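Have a look at structure_21.cif below; it lists mmCIF, C-alpha atoms.
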data_work
loop_
_atom_site.group_PDB
_atom_site.id
_atom_site.type_symbol
_atom_site.label_atom_id
_atom_site.label_comp_id
_atom_site.auth_asym_id
_atom_site.auth_seq_id
_atom_site.Cartn_x
_atom_site.Cartn_y
_atom_site.Cartn_z
ATOM 1 C CA MET A 1374 6.851 -17.897 -24.402
ATOM 2 C CA THR A 1375 4.656 -16.496 -27.174
ATOM 3 C CA ALA A 1376 4.687 -12.715 -27.582
ATOM 4 C CA SER A 1377 2.016 -10.744 -29.425
ATOM 5 C CA ILE A 1378 3.692 -7.868 -31.283
ATOM 6 C CA LYS A 1379 2.163 -4.821 -32.944
ATOM 7 C CA ASN A 1380 4.033 -2.791 -35.564
ATOM 8 C CA LEU A 1381 3.187 0.789 -34.547
ATOM 9 C CA SER A 1382 3.871 2.101 -38.073
ATOM 10 C CA THR A 1383 1.569 -0.300 -39.917
ATOM 11 C CA GLY A 1384 -0.764 -1.493 -37.167
ATOM 12 C CA GLN A 1385 -0.022 -5.087 -38.203
ATOM 13 C CA ARG A 1386 -0.024 -7.674 -35.388
ATOM 14 C CA PHE A 1387 1.812 -10.971 -35.317
ATOM 15 C CA GLU A 1388 2.981 -13.559 -32.802
ATOM 16 C CA ARG A 1389 6.463 -14.948 -32.236
ATOM 17 C CA ASP A 1390 7.829 -17.580 -29.891
ATOM 18 C CA TYR A 1391 10.843 -16.625 -27.777
ATOM 19 C CA VAL A 1392 12.987 -18.441 -25.263
ATOM 20 C CA TYR A 1393 13.391 -15.192 -23.271
ATOM 21 C CA VAL A 1394 11.168 -12.136 -22.904
ATOM 22 C CA ILE A 1395 12.563 -9.199 -20.954
ATOM 23 C CA GLY A 1396 10.341 -6.683 -19.182
ATOM 24 C CA CYS A 1397 12.107 -3.554 -17.933
ATOM 25 C CA ASP A 1398 9.103 -1.717 -16.573
ATOM 26 C CA GLY A 1399 9.658 -2.114 -12.846
ATOM 27 C CA SER A 1400 7.774 -3.746 -10.021
ATOM 28 C CA LYS A 1401 4.462 -3.634 -11.907
ATOM 29 C CA SER A 1402 5.951 -5.257 -15.039
ATOM 30 C CA THR A 1403 3.252 -6.664 -17.306
ATOM 31 C CA VAL A 1404 5.697 -9.200 -18.763
ATOM 32 C CA ARG A 1405 6.794 -10.396 -15.312
ATOM 33 C CA THR A 1406 3.220 -10.521 -14.006
ATOM 34 C CA LEU A 1407 1.898 -12.490 -17.005
ATOM 35 C CA ALA A 1408 4.816 -14.918 -16.704
ATOM 36 C CA LYS A 1409 3.999 -15.300 -12.964
ATOM 37 C CA ILE A 1410 7.528 -14.291 -11.957
ATOM 38 C CA PRO A 1411 7.639 -12.708 -8.483
ATOM 39 C CA PHE A 1412 9.182 -9.264 -8.010
ATOM 40 C CA GLN A 1413 12.367 -9.702 -5.991
ATOM 41 C CA GLY A 1414 13.616 -6.128 -6.007
ATOM 42 C CA GLN A 1415 12.620 -3.329 -3.723
ATOM 43 C CA ASN A 1416 10.535 -0.190 -4.045
ATOM 44 C CA PHE A 1417 12.432 2.967 -3.122
ATOM 45 C CA GLY A 1418 9.269 4.917 -2.300
ATOM 46 C CA ILE A 1419 9.529 7.301 -5.255
ATOM 47 C CA SER A 1420 6.691 7.487 -7.765
ATOM 48 C CA PHE A 1421 7.102 9.107 -11.155
ATOM 49 C CA ILE A 1422 5.605 9.400 -14.622
ATOM 50 C CA MET A 1423 7.499 9.260 -17.905
ATOM 51 C CA MET A 1424 6.844 10.241 -21.485
ATOM 52 C CA ASP A 1425 8.583 10.281 -24.846
ATOM 53 C CA ALA A 1426 7.694 13.385 -26.845
ATOM 54 C CA LEU A 1427 9.061 16.057 -29.148
ATOM 55 C CA THR A 1428 10.113 18.861 -26.830
ATOM 56 C CA ASN A 1429 11.414 22.402 -26.882
ATOM 57 C CA TRP A 1430 13.065 23.733 -23.739
ATOM 58 C CA GLY A 1431 14.970 26.603 -25.319
ATOM 59 C CA ARG A 1432 18.734 26.243 -24.957
ATOM 60 C CA ARG A 1433 18.151 23.109 -22.867
ATOM 61 C CA THR A 1434 16.658 21.209 -25.835
ATOM 62 C CA GLY A 1435 18.814 18.234 -26.827
ATOM 63 C CA LYS A 1436 20.659 18.157 -23.502
ATOM 64 C CA MET A 1437 20.474 15.844 -20.516
ATOM 65 C CA ILE A 1438 18.875 17.883 -17.723
ATOM 66 C CA TYR A 1439 18.230 16.999 -14.084
ATOM 67 C CA ALA A 1440 16.205 19.740 -12.417
ATOM 68 C CA VAL A 1441 15.009 19.930 -8.819
ATOM 69 C CA GLN A 1442 12.159 22.205 -7.764
ATOM 70 C CA ASN A 1443 9.690 22.139 -4.856
ATOM 71 C CA ASN A 1444 11.148 18.894 -3.412
ATOM 72 C CA ARG A 1445 10.586 17.058 -6.702
ATOM 73 C CA PHE A 1446 12.695 16.379 -9.764
ATOM 74 C CA ALA A 1447 12.331 16.311 -13.529
ATOM 75 C CA ILE A 1448 14.768 14.657 -15.908
ATOM 76 C CA GLN A 1449 15.060 15.260 -19.646
ATOM 77 C CA ILE A 1450 16.961 12.643 -21.657
ATOM 78 C CA PRO A 1451 17.627 13.365 -25.354
ATOM 79 C CA MET A 1452 16.725 10.640 -27.829
ATOM 80 C CA ASN A 1453 16.713 10.573 -31.661
ATOM 81 C CA ASN A 1454 14.966 12.994 -34.039
ATOM 82 C CA GLY A 1455 14.118 15.680 -31.470
ATOM 83 C CA MET A 1456 12.478 13.216 -29.104
ATOM 84 C CA HIS A 1457 13.156 13.365 -25.387
ATOM 85 C CA ARG A 1458 12.249 11.135 -22.472
ATOM 86 C CA ILE A 1459 10.830 13.240 -19.643
ATOM 87 C CA LEU A 1460 10.612 11.763 -16.154
ATOM 88 C CA ILE A 1461 8.764 13.686 -13.403
ATOM 89 C CA SER A 1462 8.685 12.642 -9.749
ATOM 90 C CA LEU A 1463 5.367 12.690 -7.917
ATOM 91 C CA LYS A 1464 4.412 13.569 -4.359
ATOM 92 C CA GLY A 1465 1.854 10.754 -4.347
ATOM 93 C CA THR A 1466 1.046 7.843 -6.615
ATOM 94 C CA VAL A 1467 -0.581 7.669 -10.020
ATOM 95 C CA ASP A 1468 -3.574 5.592 -11.076
ATOM 96 C CA ARG A 1469 -1.900 3.077 -13.389
ATOM 97 C CA LYS A 1470 -5.278 1.900 -14.719
ATOM 98 C CA ARG A 1471 -5.814 5.064 -16.754
ATOM 99 C CA ASP A 1472 -3.811 6.384 -19.666
ATOM 100 C CA LEU A 1473 -1.619 9.399 -18.985
ATOM 101 C CA ASN A 1474 -2.101 12.334 -21.324
ATOM 102 C CA TYR A 1475 -0.660 15.733 -22.253
ATOM 103 C CA ASN A 1476 -2.524 17.510 -19.432
ATOM 104 C CA ASP A 1477 -1.110 15.198 -16.734
ATOM 105 C CA PHE A 1478 2.438 16.145 -17.719
ATOM 106 C CA ARG A 1479 1.671 19.817 -18.317
ATOM 107 C CA LEU A 1480 0.077 20.184 -14.878
ATOM 108 C CA LEU A 1481 3.059 18.621 -13.097
ATOM 109 C CA LEU A 1482 5.606 20.644 -15.064
ATOM 110 C CA ASN A 1483 3.679 23.831 -14.289
ATOM 111 C CA GLU A 1484 3.539 22.930 -10.569
ATOM 112 C CA MET A 1485 7.334 22.679 -10.661
ATOM 113 C CA GLY A 1486 7.657 26.033 -12.430
ATOM 114 C CA PHE A 1487 8.789 24.594 -15.790
ATOM 115 C CA TYR A 1488 6.373 26.649 -17.905
ATOM 116 C CA ASN A 1489 8.949 27.000 -20.683
ATOM 117 C CA LEU A 1490 9.330 23.256 -21.355
ATOM 118 C CA PHE A 1491 7.087 22.812 -24.380
ATOM 119 C CA PHE A 1492 6.174 19.415 -25.789
ATOM 120 C CA GLU A 1493 3.817 17.765 -28.238
ATOM 121 C CA ASN A 1494 1.434 14.946 -27.350
ATOM 122 C CA PRO A 1495 3.471 12.079 -25.885
ATOM 123 C CA VAL A 1496 4.050 9.046 -28.121
ATOM 124 C CA TRP A 1497 4.686 6.832 -25.074
ATOM 125 C CA THR A 1498 3.861 7.172 -21.385
ATOM 126 C CA SER A 1499 4.435 5.100 -18.279
ATOM 127 C CA ALA A 1500 4.290 5.375 -14.500
ATOM 128 C CA ALA A 1501 6.117 3.786 -11.584
ATOM 129 C CA PRO A 1502 5.311 2.285 -9.208
#
Could I get this file's structure written as structure tokens?
Amino acid sequence: MTASIKNLSTGQRFERDYVYVIGCDGSKSTVRTLAKIPFQGQNFGISFIMMDALTNWGRRTGKMIYAVQNNRFAIQIPMNNGMHRILISLKGTVDRKRDLNYNDFRLLLNEMGFYNLFFENPVWTSAAP
């Protein structure tokens, strides 16, 4: 399989041939779909959005947090250099055809009462399913 790769630091694009390409982005995997591989797992009926961003959540910054509020959950997973992965469950589904932005995450965090979780513009976002 030929993969098209973009270096996010330089913007340079190149192609490489691989025997295996692994897509770990769930039932709507772009890699799996392009390779025409059927999804054989199951959907658990939970939708969520994710982002990687620099965050500040007071004393919770840098810690793994699982918080439940209003029948939904938010998870903060520390990464390197002050980055955190934030995962927020949804009551409905998300339109996967549009890019998620700062306001999408801020609105959901506010709905859950997490006004004190501050973050910069996400460097990566995703949604499932």
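Against this structure, the PyMOL selection byres ((chain A and resi 1447) around 6) ends up with Tyr1439, Ala1440, Phe1446, Ile1448, Leu1460 and Ile1461 of chain A.
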- Message: Could you tell me, as a list in words, exactly which residues end up selected when the PyMOL selection byres ((chain A and resi 1465-1472) around 10) is applied to this structure?
- Response: Lys1401, Gly1418, Ile1419, Ser1420, Phe1421, Ile1422, Ser1462, Leu1463, Lys1464, Leu1473, Asn1474, Asp1477, Thr1498, Ser1499, Ala1500, Ala1501 and Pro1502 of chain A
What are the centre and the three edge lengths of an axis-aligned box that wraps all atoms of stretch 1443-1451 of chain A in the file, given that 6 Å is added to every side, written as JSON and rounded to one decimal in Å?
{"center_x": 13.7, "center_y": 17.4, "center_z": -14.4, "size_x": 19.9, "size_y": 21.5, "size_z": 33.9}
Quick one: which residues end up in the PyMOL selection byres ((chain A and resi 1426) around 12) for this structure, as a short mmCIF file (atom, residue, chain, number, x, y, z; two decimals) with C-alpha atoms, keeping the file's coordinate frame?
data_model
loop_
_atom_site.label_atom_id
_atom_site.label_comp_id
_atom_site.auth_asym_id
_atom_site.auth_seq_id
_atom_site.Cartn_x
_atom_site.Cartn_y
_atom_site.Cartn_z
CA MET A 1423 7.50 9.26 -17.90
CA MET A 1424 6.84 10.24 -21.48
CA ASP A 1425 8.58 10.28 -24.85
CA LEU A 1427 9.06 16.06 -29.15
CA THR A 1428 10.11 18.86 -26.83
CA ASN A 1429 11.41 22.40 -26.88
CA THR A 1434 16.66 21.21 -25.84
CA GLN A 1449 15.06 15.26 -19.65
CA ILE A 1450 16.96 12.64 -21.66
CA PRO A 1451 17.63 13.36 -25.35
CA MET A 1452 16.73 10.64 -27.83
CA ASN A 1453 16.71 10.57 -31.66
CA ASN A 1454 14.97 12.99 -34.04
CA GLY A 1455 14.12 15.68 -31.47
CA MET A 1456 12.48 13.22 -29.10
CA HIS A 1457 13.16 13.36 -25.39
CA ARG A 1458 12.25 11.14 -22.47
CA ILE A 1459 10.83 13.24 -19.64
CA LEU A 1460 10.61 11.76 -16.15
CA ASN A 1474 -2.10 12.33 -21.32
CA TYR A 1475 -0.66 15.73 -22.25
CA PHE A 1478 2.44 16.14 -17.72
CA LEU A 1490 9.33 23.26 -21.36
CA PHE A 1491 7.09 22.81 -24.38
CA PHE A 1492 6.17 19.42 -25.79
CA GLU A 1493 3.82 17.76 -28.24
CA ASN A 1494 1.43 14.95 -27.35
CA PRO A 1495 3.47 12.08 -25.88
CA VAL A 1496 4.05 9.05 -28.12
CA TRP A 1497 4.69 6.83 -25.07
CA THR A 1498 3.86 7.17 -21.38
#
- So what do you get for atom CA of A:Ser1402 versus atom CA of A:Phe1387, distance-wise?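 Separation between atom CA of A:Ser1402 and atom CA of A:Phe1387: 21.5 Å.
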- Grab the atom CA of A:Glu1484 to atom CA of A:Arg1432 distance for me, in Å with one decimal place. 21.2 Å
- Query: Mind pulling up the distance from atom CA of A:Tyr1391 to atom CA of A:Thr1406?
  - Reply: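 So the two atoms, atom CA of A:Thr1406 and atom CA of A:Tyr1391, lie 16.9 Å apart.
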Fewer than 4 positions away in the same chain doesn't count, so skip those; otherwise give me all residues within 9 Å of A:Glu1388, counting all atoms listed in the file, as a PDB file with C-alpha atoms, in the coordinates of the input.
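around_6.pdb, written as the output of this step:
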ATOM      1  CA  THR A1375       4.656 -16.496 -27.174  1.00  0.00           C
ATOM      2  CA  ALA A1376       4.687 -12.715 -27.582  1.00  0.00           C
ATOM      3  CA  SER A1377       2.016 -10.744 -29.425  1.00  0.00           C
ATOM      4  CA  ILE A1378       3.692  -7.868 -31.283  1.00  0.00           C
ATOM      5  CA  LYS A1379       2.163  -4.821 -32.944  1.00  0.00           C
TER       6      LYS A1379
END
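Proximity of A:Leu1407, A:Leu1481, A:Val1441, A:Leu1381 to A:Val1394, computed with only C-alpha atoms, is greatest for A:Leu1407.
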- Task: Determine the nearest neighbour of A:Arg1433 from the options A:Thr1403, A:Asn1489, A:Gln1385, A:Asn1483, counting all atoms listed in the file.
- Result: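 Closest candidate: A:Asn1489.
The nearest approach to A:Gln1442 among the residues A:Phe1487, A:Val1392, A:Arg1386, A:Lys1409, with all atoms listed in the file taken into account, belongs to A:Phe1487.
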